[in-house]
$ cat final_13.csv   # CSV, C-alpha atoms and all ligand atoms
chain,number,residue,atom,x,y,z
H,20,MET,CA,12.5,28.5,-5.5
H,21,LYS,CA,11.2,24.9,-5.6
H,22,LEU,CA,12.4,22.2,-3.2
H,23,TYR,CA,11.9,18.6,-4.5
H,24,SER,CA,11.4,16.7,-1.3
H,25,SER,CA,9.7,13.6,0.1
H,26,LYS,CA,7.7,13.4,3.3
H,27,LEU,CA,9.5,10.5,4.9
H,28,ALA,CA,13.0,11.1,3.8
H,29,PRO,CA,15.7,12.5,6.1
H,30,SER,CA,17.8,14.3,3.6
H,31,PRO,CA,15.2,16.8,2.4
H,32,LEU,CA,13.9,17.1,5.9
H,33,LYS,CA,17.3,18.6,6.8
H,34,VAL,CA,16.7,21.4,4.3
H,35,VAL,CA,13.1,21.9,5.6
H,36,ILE,CA,14.5,22.2,9.2
H,37,PHE,CA,17.2,24.6,7.9
H,38,LEU,CA,14.5,26.8,6.1
H,39,LYS,CA,12.4,26.9,9.3
H,40,GLU,CA,15.5,27.9,11.4
H,41,LYS,CA,16.1,30.7,9.0
H,42,GLY,CA,12.4,31.7,9.0
H,43,ILE,CA,12.1,31.4,5.2
H,44,LEU,CA,10.1,28.3,4.7
H,45,ASP,CA,7.4,30.4,2.9
H,46,GLN,CA,10.0,31.5,0.3
H,47,VAL,CA,10.1,28.0,-1.1
H,48,GLU,CA,7.5,25.8,-2.9
H,49,ILE,CA,7.8,22.2,-1.7
H,50,VAL,CA,7.1,19.5,-4.2
H,51,ASN,CA,6.8,16.1,-2.5
H,52,LEU,CA,7.7,13.0,-4.4
H,53,ASP,CA,6.6,9.5,-3.3
H,54,LEU,CA,9.8,7.5,-3.2
H,55,GLY,CA,7.8,4.3,-2.5
H,56,LYS,CA,6.1,4.8,-5.9
H,57,LEU,CA,9.5,5.5,-7.5
H,58,GLU,CA,8.4,9.0,-8.5
H,59,HIS,CA,12.1,10.1,-8.2
H,60,LYS,CA,13.0,7.6,-11.0
H,61,THR,CA,10.8,9.1,-13.7
H,62,PRO,CA,12.4,10.7,-16.8
H,63,GLU,CA,10.8,14.0,-15.8
H,64,TYR,CA,12.5,14.0,-12.4
H,65,LYS,CA,15.8,12.7,-13.8
H,66,ALA,CA,15.8,15.7,-16.1
H,67,ILE,CA,15.8,17.8,-12.9
H,68,ALA,CA,18.0,15.6,-10.7
H,69,PRO,CA,20.1,13.2,-12.7
H,70,ASN,CA,21.1,11.4,-9.5
H,71,SER,CA,17.4,10.5,-8.8
H,72,ARG,CA,17.7,11.6,-5.3
H,73,VAL,CA,15.9,14.2,-3.1
H,74,PRO,CA,16.4,17.0,-2.2
H,75,ALA,CA,16.9,19.1,-5.3
H,76,LEU,CA,16.5,22.9,-5.2
H,77,GLN,CA,15.4,24.6,-8.4
H,78,LEU,CA,16.0,28.3,-8.5
H,79,ASP,CA,13.7,30.7,-10.3
H,80,ASP,CA,16.0,30.9,-13.3
H,81,GLY,CA,15.9,27.1,-13.6
H,82,THR,CA,19.3,26.4,-12.0
H,83,ILE,CA,19.4,23.2,-10.0
H,84,ILE,CA,21.3,22.6,-6.8
H,85,LEU,CA,21.7,18.9,-5.7
H,86,GLU,CA,23.0,17.7,-2.3
H,87,THR,CA,21.6,18.6,1.0
H,88,THR,CA,24.6,20.5,2.4
H,89,ALA,CA,25.2,22.4,-0.9
H,90,ILE,CA,21.5,23.5,-0.8
H,91,CYS,CA,21.9,24.6,2.9
H,92,ARG,CA,25.1,26.4,2.2
H,93,TYR,CA,23.5,28.3,-0.7
H,94,LEU,CA,20.6,29.3,1.6
H,95,GLU,CA,23.0,30.4,4.4
H,96,ALA,CA,24.8,32.7,1.9
H,97,LEU,CA,21.5,34.2,0.8
H,98,TYR,CA,20.1,34.4,4.3
H,99,PRO,CA,23.1,34.7,6.7
H,100,GLU,CA,21.0,35.0,9.9
H,101,PRO,CA,20.7,33.1,12.2
H,102,ASN,CA,24.1,31.7,11.4
H,103,LEU,CA,24.2,27.9,11.2
H,104,PHE,CA,27.6,27.2,9.6
H,105,GLY,CA,29.9,29.2,11.9
H,106,GLU,CA,31.1,32.8,12.2
H,107,SER,CA,34.7,32.8,13.4
H,108,PRO,CA,37.4,30.8,11.6
H,109,ILE,CA,37.6,28.3,14.5
H,110,GLU,CA,33.8,27.9,14.7
H,111,ILE,CA,33.5,27.3,11.0
H,112,ALA,CA,36.2,24.6,11.2
H,113,SER,CA,34.6,23.0,14.3
H,114,ILE,CA,31.1,22.8,12.6
H,115,GLU,CA,32.7,21.4,9.4
H,116,MET,CA,34.7,18.9,11.5
H,117,TRP,CA,31.7,17.6,13.5
H,118,TYR,CA,29.5,17.6,10.4
H,119,SER,CA,32.0,15.4,8.6
H,120,ARG,CA,32.7,13.2,11.6
H,121,VAL,CA,29.0,12.6,12.2
H,122,THR,CA,28.5,11.9,8.5
H,123,TYR,CA,31.3,9.4,8.0
H,124,GLU,CA,31.5,7.8,11.5
H,125,LEU,CA,27.8,7.6,12.3
H,126,MET,CA,25.4,8.4,9.4
H,127,VAL,CA,27.2,6.4,6.6
H,128,PRO,CA,27.4,3.1,8.5
H,129,LEU,CA,23.8,3.5,9.8
H,130,MET,CA,22.7,4.3,6.2
H,131,HIS,CA,24.5,1.4,4.6
H,132,GLY,CA,23.4,-1.0,7.4
H,133,PHE,CA,19.8,0.0,6.5
H,134,ARG,CA,20.1,0.3,2.7
H,135,HIS,CA,21.8,-3.1,2.3
H,136,THR,CA,19.7,-5.2,4.7
H,137,HIS,CA,16.2,-3.7,4.9
H,138,PRO,CA,13.6,-5.4,2.6
H,139,HIS,CA,12.0,-2.0,1.8
H,140,MET,CA,15.2,-0.9,0.1
H,141,SER,CA,15.5,-3.9,-2.3
H,142,GLN,CA,14.1,-1.8,-5.2
H,143,MET,CA,16.3,1.1,-4.6
H,144,GLU,CA,19.6,-0.5,-3.6
H,145,ASN,CA,21.8,-3.3,-5.1
H,146,GLN,CA,21.8,-5.0,-1.8
H,147,ASN,CA,24.8,-6.8,-0.2
H,148,GLN,CA,23.7,-8.3,3.1
H,149,GLU,CA,27.2,-9.1,4.3
H,150,TYR,CA,28.3,-5.6,3.7
H,151,GLY,CA,25.2,-4.2,5.3
H,152,LEU,CA,25.7,-6.3,8.5
H,153,ALA,CA,29.4,-5.2,8.7
H,154,GLN,CA,28.3,-1.6,8.4
H,155,ARG,CA,25.7,-2.1,11.1
H,156,GLU,CA,28.4,-3.5,13.4
H,157,LEU,CA,30.5,-0.4,12.8
H,158,ALA,CA,27.4,1.8,13.5
H,159,VAL,CA,26.9,0.1,16.8
H,160,LYS,CA,30.5,0.9,17.8
H,161,SER,CA,30.0,4.5,16.7
H,162,LEU,CA,26.8,4.9,18.7
H,163,ASP,CA,28.8,3.9,21.8
H,164,THR,CA,31.5,6.5,21.0
H,165,TYR,CA,29.0,9.3,20.3
H,166,ASN,CA,27.0,8.4,23.4
H,167,ASN,CA,30.2,9.2,25.4
H,168,ILE,CA,31.1,12.3,23.3
H,169,ILE,CA,27.6,13.9,23.8
H,170,ALA,CA,27.6,13.2,27.5
H,171,SER,CA,29.5,16.4,28.3
H,172,ARG,CA,27.9,18.8,25.9
H,173,GLU,CA,24.6,20.2,24.8
H,174,TYR,CA,25.4,20.6,21.1
H,175,ILE,CA,27.8,18.5,19.0
H,176,ALA,CA,29.9,21.3,17.6
H,177,GLY,CA,30.1,23.7,20.5
H,178,GLU,CA,28.0,26.0,22.6
H,179,ARG,CA,25.1,26.5,20.2
H,180,PHE,CA,22.8,24.8,17.7
H,181,THR,CA,24.3,24.5,14.3
H,182,TYR,CA,24.0,22.6,11.0
H,183,ALA,CA,26.0,19.7,12.6
H,184,ASP,CA,23.2,19.1,15.0
H,185,ILE,CA,20.7,19.0,12.1
H,186,GLN,CA,22.8,16.3,10.5
H,187,MET,CA,23.3,14.3,13.7
H,188,VAL,CA,19.8,14.4,15.1
H,189,THR,CA,18.0,13.6,11.8
H,190,SER,CA,20.4,10.8,11.0
H,191,LEU,CA,19.8,9.2,14.5
H,192,GLN,CA,16.0,9.8,14.4
H,193,PHE,CA,15.6,8.0,11.1
H,194,LEU,CA,18.4,5.5,10.9
H,195,VAL,CA,18.8,3.9,14.3
H,196,ARG,CA,15.4,2.1,14.3
H,197,LEU,CA,15.8,1.2,10.7
H,198,ASN,CA,18.8,-0.9,11.8
H,199,ARG,CA,16.6,-2.5,14.4
H,200,LEU,CA,18.4,-0.7,17.2
H,201,ASP,CA,16.9,1.1,20.1
H,202,ILE,CA,18.1,4.7,20.8
H,203,GLN,CA,16.8,4.2,24.5
H,204,ASP,CA,19.9,2.0,24.9
H,205,TYR,CA,22.0,5.1,24.4
H,206,GLU,CA,20.9,7.4,27.2
H,207,ASN,CA,23.0,10.5,26.4
H,208,LEU,CA,22.2,10.4,22.7
H,209,ASN,CA,18.5,9.9,23.6
H,210,ASP,CA,18.6,13.0,25.9
H,211,TYR,CA,20.4,15.0,23.2
H,212,ILE,CA,17.9,14.1,20.5
H,213,ASN,CA,14.9,14.9,22.8
H,214,GLN,CA,16.5,18.3,23.7
H,215,VAL,CA,17.4,19.3,20.1
H,216,SER,CA,14.2,17.9,18.5
H,217,SER,CA,12.0,20.0,20.8
H,218,ARG,CA,13.0,23.0,18.7
H,219,PRO,CA,10.0,24.3,16.7
H,220,SER,CA,11.9,23.7,13.4
H,221,PHE,CA,11.9,19.9,14.1
H,222,LEU,CA,8.2,19.7,14.8
H,223,VAL,CA,6.2,18.5,11.8
H,301,LIG,N1,24.1,12.8,-0.7
H,301,LIG,C1,22.7,13.2,-1.0
H,301,LIG,C2,21.8,12.0,-0.6
H,301,LIG,C3,20.4,12.2,-0.9
H,301,LIG,C4,19.6,10.9,-0.7
H,301,LIG,O1,20.2,9.8,-0.6
H,301,LIG,N2,18.3,11.0,-0.6
H,301,LIG,C5,17.4,9.9,-0.4
H,301,LIG,C6,16.3,10.2,0.5
H,301,LIG,S1,16.8,10.6,2.1
H,301,LIG,C7,16.9,9.4,-1.8
H,301,LIG,O2,16.6,10.3,-2.6
H,301,LIG,N3,16.8,8.1,-2.0
H,301,LIG,C8,16.2,7.6,-3.2
H,301,LIG,C9,17.0,6.4,-3.6
H,301,LIG,O3,17.9,5.9,-2.9
H,301,LIG,O4,16.6,5.8,-4.7
H,301,LIG,C10,22.3,14.4,-0.2
H,301,LIG,O5,22.9,14.6,0.9
H,301,LIG,O6,21.4,15.2,-0.6

$ encode --input "final_13.csv" --output "structure tokens" --more "lines below"
Ligand SMILES: N[C@@H](CCC(=O)N[C@@H](CS)C(=O)NCC(=O)O)C(=O)O
Amino acid sequence: MKLYSSKLAPSPLKVVIFLKEKGILDQVEIVNLDLGKLEHKTPEYKAIAPNSRVPALQLDDGTIILETTAICRYLEALYPEPNLFGESPIEIASIEMWYSRVTYELMVPLMHGFRHTHPHMSQMENQNQEYGLAQRELAVKSLDTYNNIIASREYIAGERFTYADIQMVTSLQFLVRLNRLDIQDYENLNDYINQVSSRPSFLV
């Protein structure tokens, strides 16, 4: 299997963390693209990933899987242990719920706040400053909400580390500062990030 990735990009990093948690990083050849040099916009890469995004997983028979979560779900089905998407019906629902809530309430506004306002994104995004600033404002409200939610728990979706934590911690680690916000202002989130990111899978 080949994973098309990029060293400074959070989405493929989630797959790399997932592979490390499963202990199967050595099963995959990593091909790093330089997004700054627009290596993901070349006709060669578009033939692999028509959406011009990383990650993309290429199987040995040539089949391509796009989308971070689809890739991780495929890997979970191939390598079920340790389980990261839930075992019992209620745990599966809880992980999916928190993954979706974190994605739409926290990650998406942080991502649009960054993509639509940051000068580095001007080549990659059709920027709309007003929209970006409104999304950043939403993100600030969400950071307060999640700072309260995480105060009473160690992991976002229950008693143990799951895919929802990979989504939440990588999103916060990358996107908070890119919105010119300081995670130290959110004490509980900061403690949570420090605790989760001390796992060996998060160390580069
Ligand atoms: N929904 C996709 C998003 C992938 C994505 O946006 N990847 C970013 C890097 S983190 C990218 O390739 N950006 C290039 C661009 O926006 O042109 C997924 O979850 O895999």

$ closest_residue --input "final_13.csv" --among "H:Phe37, H:Tyr23, H:Trp117, H:Tyr98" --to "Lys65 in chain H" --atoms "all atoms listed in the file"
H:Tyr23

$ residues_near_ligand --input "final_13.csv" --ligand "ligand LIG 301 (chain H)" --cutoff "6 Å" --atoms "all atoms listed in the file" --output "MDAnalysis selection string"
chainID H and resid 28:30 72:74 86:87 143

$ atom_distance --input "final_13.csv" --atom1 "CA of Ile185 in chain H" --atom2 "CA of His59 in chain H"
23.8 Å

$ residues_around --input "final_13.csv" --residues "Ser190 in chain H" --least-positions-apart "3" --cutoff "10 Å" --atoms "only C-alpha atoms" --output "number ranges by chain"
H: 29-30, 33, 121-122, 125-127, 129-130, 184-187, 193-195

$ write_last_selection --input "final_13.csv" --atoms "C-alpha atoms" --output "short mmCIF file (atom, residue, chain, number, x, y, z; two decimals), in the frame of the given file"
data_model
loop_
_atom_site.label_atom_id
_atom_site.label_comp_id
_atom_site.auth_asym_id
_atom_site.auth_seq_id
_atom_site.Cartn_x
_atom_site.Cartn_y
_atom_site.Cartn_z
CA PRO H 29 15.70 12.50 6.10
CA SER H 30 17.80 14.30 3.60
CA LYS H 33 17.30 18.60 6.80
CA VAL H 121 29.00 12.60 12.20
CA THR H 122 28.50 11.90 8.50
CA LEU H 125 27.80 7.60 12.30
CA MET H 126 25.40 8.40 9.40
CA VAL H 127 27.20 6.40 6.60
CA LEU H 129 23.80 3.50 9.80
CA MET H 130 22.70 4.30 6.20
CA ASP H 184 23.20 19.10 15.00
CA ILE H 185 20.70 19.00 12.10
CA GLN H 186 22.80 16.30 10.50
CA MET H 187 23.30 14.30 13.70
CA PHE H 193 15.60 8.00 11.10
CA LEU H 194 18.40 5.50 10.90
CA VAL H 195 18.80 3.90 14.30
#

$ closest_residue --input "final_13.csv" --among "H:Gln203, H:Ser113, H:Asn209, H:Asn51" --to "Val35 in chain H" --atoms "all atoms listed in the file"
H:Asn51

$ atom_distance --input "final_13.csv" --atom1 "CA of Ala170 in chain H" --atom2 "CA of Asn207 in chain H"
5.4 Å

$ closest_residue --input "final_13.csv" --among "H:Ile168, H:Glu48, H:Lys21, H:Phe180" --to "Ile83 in chain H" --atoms "only C-alpha atoms"
H:Lys21

$ residues_around --input "final_13.csv" --residues "Tyr205 in chain H" --least-positions-apart "6" --cutoff "9 Å" --atoms "all atoms listed in the file" --output "list in words"
Leu162, Asp163 and Asn166 of chain H

$ closest_residue --input "final_13.csv" --among "H:Ser161, H:Glu63, H:Lys26, H:Ala96" --to "Val223 in chain H" --atoms "all atoms listed in the file"
H:Lys26

$ atom_distance --input "final_13.csv" --atom1 "CA of Ala158 in chain H" --atom2 "CA of Leu222 in chain H"
26.3 Å

$ residues_around --input "final_13.csv" --residues "Glu115 in chain H" --least-positions-apart "6" --cutoff "12 Å" --atoms "all atoms listed in the file" --output "list in words"
Thr88, Arg92, Leu103, Phe104, Gly105, Glu106, Pro108, Ile109, Val121, Thr122, Ile175, Ala176, Gly177, Thr181, Tyr182, Ala183, Asp184 and Gln186 of chain H

$ closest_residue --input "final_13.csv" --among "H:Arg134, H:Met20, H:Ile36, H:Ser107" --to "Asp80 in chain H" --atoms "only C-alpha atoms"
H:Met20

$ closest_residue --input "final_13.csv" --among "H:Leu54, H:Val34, H:Asn70, H:Val215" --to "Tyr93 in chain H" --atoms "only C-alpha atoms"
H:Val34

$ decode --input "final_13.csv" --residues "range 172-217 of chain H" --atoms "C-alpha atoms" --output "compact mmCIF listing (two decimals), in the first residue's frame"
# COMPACT_ATOMS: atom_id res chain seq x y z
CA ARG H 172 -13.31 13.54 30.92
CA GLU H 173 -10.00 12.11 29.80
CA TYR H 174 -11.06 11.23 26.25
CA ILE H 175 -13.69 12.88 24.09
CA ALA H 176 -15.83 9.80 23.29
CA GLY H 177 -15.67 7.86 26.55
CA GLU H 178 -13.26 5.98 28.75
CA ARG H 179 -10.59 5.19 26.20
CA PHE H 180 -8.55 6.62 23.32
CA THR H 181 -10.38 6.42 19.97
CA TYR H 182 -10.43 7.84 16.44
CA ALA H 183 -12.46 10.80 17.77
CA ASP H 184 -9.42 11.84 19.85
CA ILE H 185 -7.18 11.69 16.76
CA GLN H 186 -9.61 14.01 15.00
CA MET H 187 -9.90 16.42 17.92
CA VAL H 188 -6.25 16.67 18.94
CA THR H 189 -4.77 17.01 15.44
CA SER H 190 -7.39 19.63 14.53
CA LEU H 191 -6.61 21.68 17.63
CA GLN H 192 -2.83 21.27 17.34
CA PHE H 193 -2.78 22.58 13.78
CA LEU H 194 -5.68 24.94 13.44
CA VAL H 195 -5.88 26.94 16.65
CA ARG H 196 -2.62 28.83 16.14
CA LEU H 197 -3.28 29.23 12.41
CA ASN H 198 -6.32 31.30 13.48
CA ARG H 199 -3.97 33.43 15.62
CA LEU H 200 -5.51 31.97 18.80
CA ASP H 201 -3.63 30.62 21.81
CA ILE H 202 -4.57 27.17 23.14
CA GLN H 203 -3.08 28.17 26.53
CA ASP H 204 -6.19 30.34 26.95
CA TYR H 205 -8.22 27.08 27.08
CA GLU H 206 -6.74 25.31 30.07
CA ASN H 207 -8.74 22.05 29.91
CA LEU H 208 -8.23 21.66 26.16
CA ASN H 209 -4.54 22.36 26.61
CA ASP H 210 -4.25 19.64 29.31
CA TYR H 211 -6.19 17.20 27.12
CA ILE H 212 -3.96 17.85 24.11
CA ASN H 213 -0.81 17.42 26.20
CA GLN H 214 -2.09 14.17 27.67
CA VAL H 215 -3.23 12.62 24.36
CA SER H 216 -0.29 13.84 22.30
CA SER H 217 2.18 12.24 24.71
